[in-house]
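The structure appears below as structure tokens.
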Amino acid sequence: MTDDITTDLACKELVEIITDYLEGTLPERDRARFDAHILTCPPCREYVAEMNATLRLTGRLTVESISPGARDDLLRAFRRMKASSTEL
Amino acid sequence: MPSTTQTLRPGDRFTDIELADYGRTLPDTMGSQTIVRESDAELIALLRDGDEGAFARLIDAYSAPLLRLALAFVQSQSIAEEVVQETWMAVVTGIGRFEGRASVKTWLFKILTNIAKTRAQRERRTIPFSEFEVDKGDEPAVDPDRFLPASHPQWPHHWATPPQPWSMGPEGTALDRETMAVVRRALEDLPRAQQVVVALRDVHGWPAADVCAALDISEANQRVLLHRGRSRVRAVLERYFNDTATLCNAESISDTKQAGQ
């Protein structure tokens, strides 16, 4: 086996650089190692798929916003502000 | 969204292809992108004109992420809500003074951060800022015991206990609702700094640069917090899916036994 840079990425390392990979901040050389690794490593491919599934699930969480009452108060304040500025 | 045939082209990131495995649909664009369509200049002009619809859109787009951001500084949900309310009141009274040098978003962060910090000091319950400083300590994404030792002759640091495929229920099913509850819980259980970063990035869909600006942290710190947080959520989901699979297997085995009797 040649001492190819693409052969020396261990699974243990892959799980630590996956975020850099997904963020696009991994140096080109490491990205090539990452891509080469997952082509030949089904468990790591599974890991990457699970991380993507995690992001997708997290992205589906509904978000809590302010209450309708609080929203109404703000819109009322906004109207008052407008009224007072047009009076001037 | 129609499903497209995935083919691997040179330069494609492998993950783009892998996404199909879990039937990934792109997350709905969250917040500002969908609700506020005007440019900052148009928006400010509308607000100054007293356009209530524009103000309503602004509130609807940013209240949820601002609430999350406030929780980075104060401890309780109710105080965070007050901080957001105060922020919007400051916008109402301060819109005339907005100079447009920074984006509306950055302006909002700044108002909120100032109010939240003052409030946190008053409550003396501020989150130590050091929480957002990433320590050098190890927080492995995956239990080190799941990898072969460095001394392994053939596969050093490769999987000893590889991850197993997840069987997810289709959206809208009881299983899917249960899964979503697990995700929510996993997010809430994260250390605060990780939780805020993961929520702003992955729930609210903010770009990394906005999160760094809002929390005043470096890109590197943001990435470490994101990595640790996402890795923890994945680990929780893995445990959940593995347990569900074990349970299903146990049930089908006992079903078989009963059928045989």
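Letters A, B, ... go to the chains of the structure tokens in the order shown; residues in each chain start at 1; ligands are counted from 1 in the same order.
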Inset, instruction - Compile the residues of chain B that lie within 6 Å of chain A, evaluated using only C-alpha atoms, and express the compilation as a PyMOL selection string. - result: chain B and resi 18+27+50+63-64+92+157-158+162+202-203+227+234
Inset, instruction - Skip region 132-148 of chain B itself and residues of its chain fewer than 4 positions away, then list as a ChimeraX atom specification all residues within 6 Å of it, counting only C-alpha atoms. - result: /B:156-161,193,221,231
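From CA of His204 (chain B) back to CA of Leu108 (chain B), the distance works out to 15.6 Å.
With only C-alpha atoms as the atoms that count, the minimum distance from Arg68 (chain B) to the choices B:Val196, B:Ala186, B:Ile115, B:Ala102 is reached by B:Val196.
Here CA of Ala90 (chain B) is placed at a distance of 7.5 Å from CA of Ile111 (chain B).
Straight-line separation from CA of Ala120 (chain B) to CA of Val74 (chain B): 5.4 Å.
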Legend entry - Nearby residues (only C-alpha atoms) at most 12 Å from Ser103 (chain B), same-chain spacing under 5 positions excluded, as a PyMOL selection string: chain B and resi 39-44+98+108-110+210+213
Using the selection just defined, write its residues with N, CA and C atoms as a compact mmCIF listing (two decimals), in the first residue's frame.
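Heads up, here's the output in out-v4.txt:
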# COMPACT_ATOMS: atom_id res chain seq x y z
N SER B 39 -35.52 44.99 1.22
CA SER B 39 -34.14 45.27 1.58
C SER B 39 -34.18 46.10 2.86
N ASP B 40 -33.05 46.19 3.53
CA ASP B 40 -32.99 46.97 4.77
C ASP B 40 -33.46 48.41 4.57
N ALA B 41 -33.01 49.01 3.46
CA ALA B 41 -33.34 50.41 3.21
C ALA B 41 -34.86 50.57 3.04
N GLU B 42 -35.45 49.65 2.28
CA GLU B 42 -36.91 49.72 2.07
C GLU B 42 -37.65 49.52 3.39
N LEU B 43 -37.14 48.55 4.16
CA LEU B 43 -37.77 48.23 5.43
C LEU B 43 -37.75 49.44 6.36
N ILE B 44 -36.61 50.09 6.47
CA ILE B 44 -36.47 51.25 7.35
C ILE B 44 -37.39 52.37 6.87
N PHE B 98 -31.94 55.19 13.59
CA PHE B 98 -31.18 54.14 12.89
C PHE B 98 -30.49 54.73 11.68
N LEU B 108 -30.53 45.02 15.51
CA LEU B 108 -31.38 44.31 16.46
C LEU B 108 -30.56 43.53 17.49
N PHE B 109 -29.54 42.80 17.02
CA PHE B 109 -28.69 42.03 17.95
C PHE B 109 -28.12 42.94 19.01
N LYS B 110 -27.65 44.11 18.54
CA LYS B 110 -26.94 45.02 19.43
C LYS B 110 -27.87 45.55 20.51
N ASP B 210 -23.59 35.43 11.48
CA ASP B 210 -24.56 36.12 12.33
C ASP B 210 -24.46 35.65 13.78
N ALA B 213 -21.40 37.18 15.34
CA ALA B 213 -21.61 38.60 15.62
C ALA B 213 -22.52 38.79 16.83
Inset, instruction - Can you pull out every residue within 8 Å of Arg232 (chain B), counting only C-alpha atoms, but drop anything in the same chain fewer than 3 positions away, and send it as a list in words? - result: Ala141, Ala186, Leu190, Arg228, Gly229, Ala235 and Val236 of chain B
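Proximity ranking of B:Ile79, B:Ala245, B:Ala220, B:Leu112 relative to Leu66 (chain B) places B:Leu112 first, based on only C-alpha atoms.
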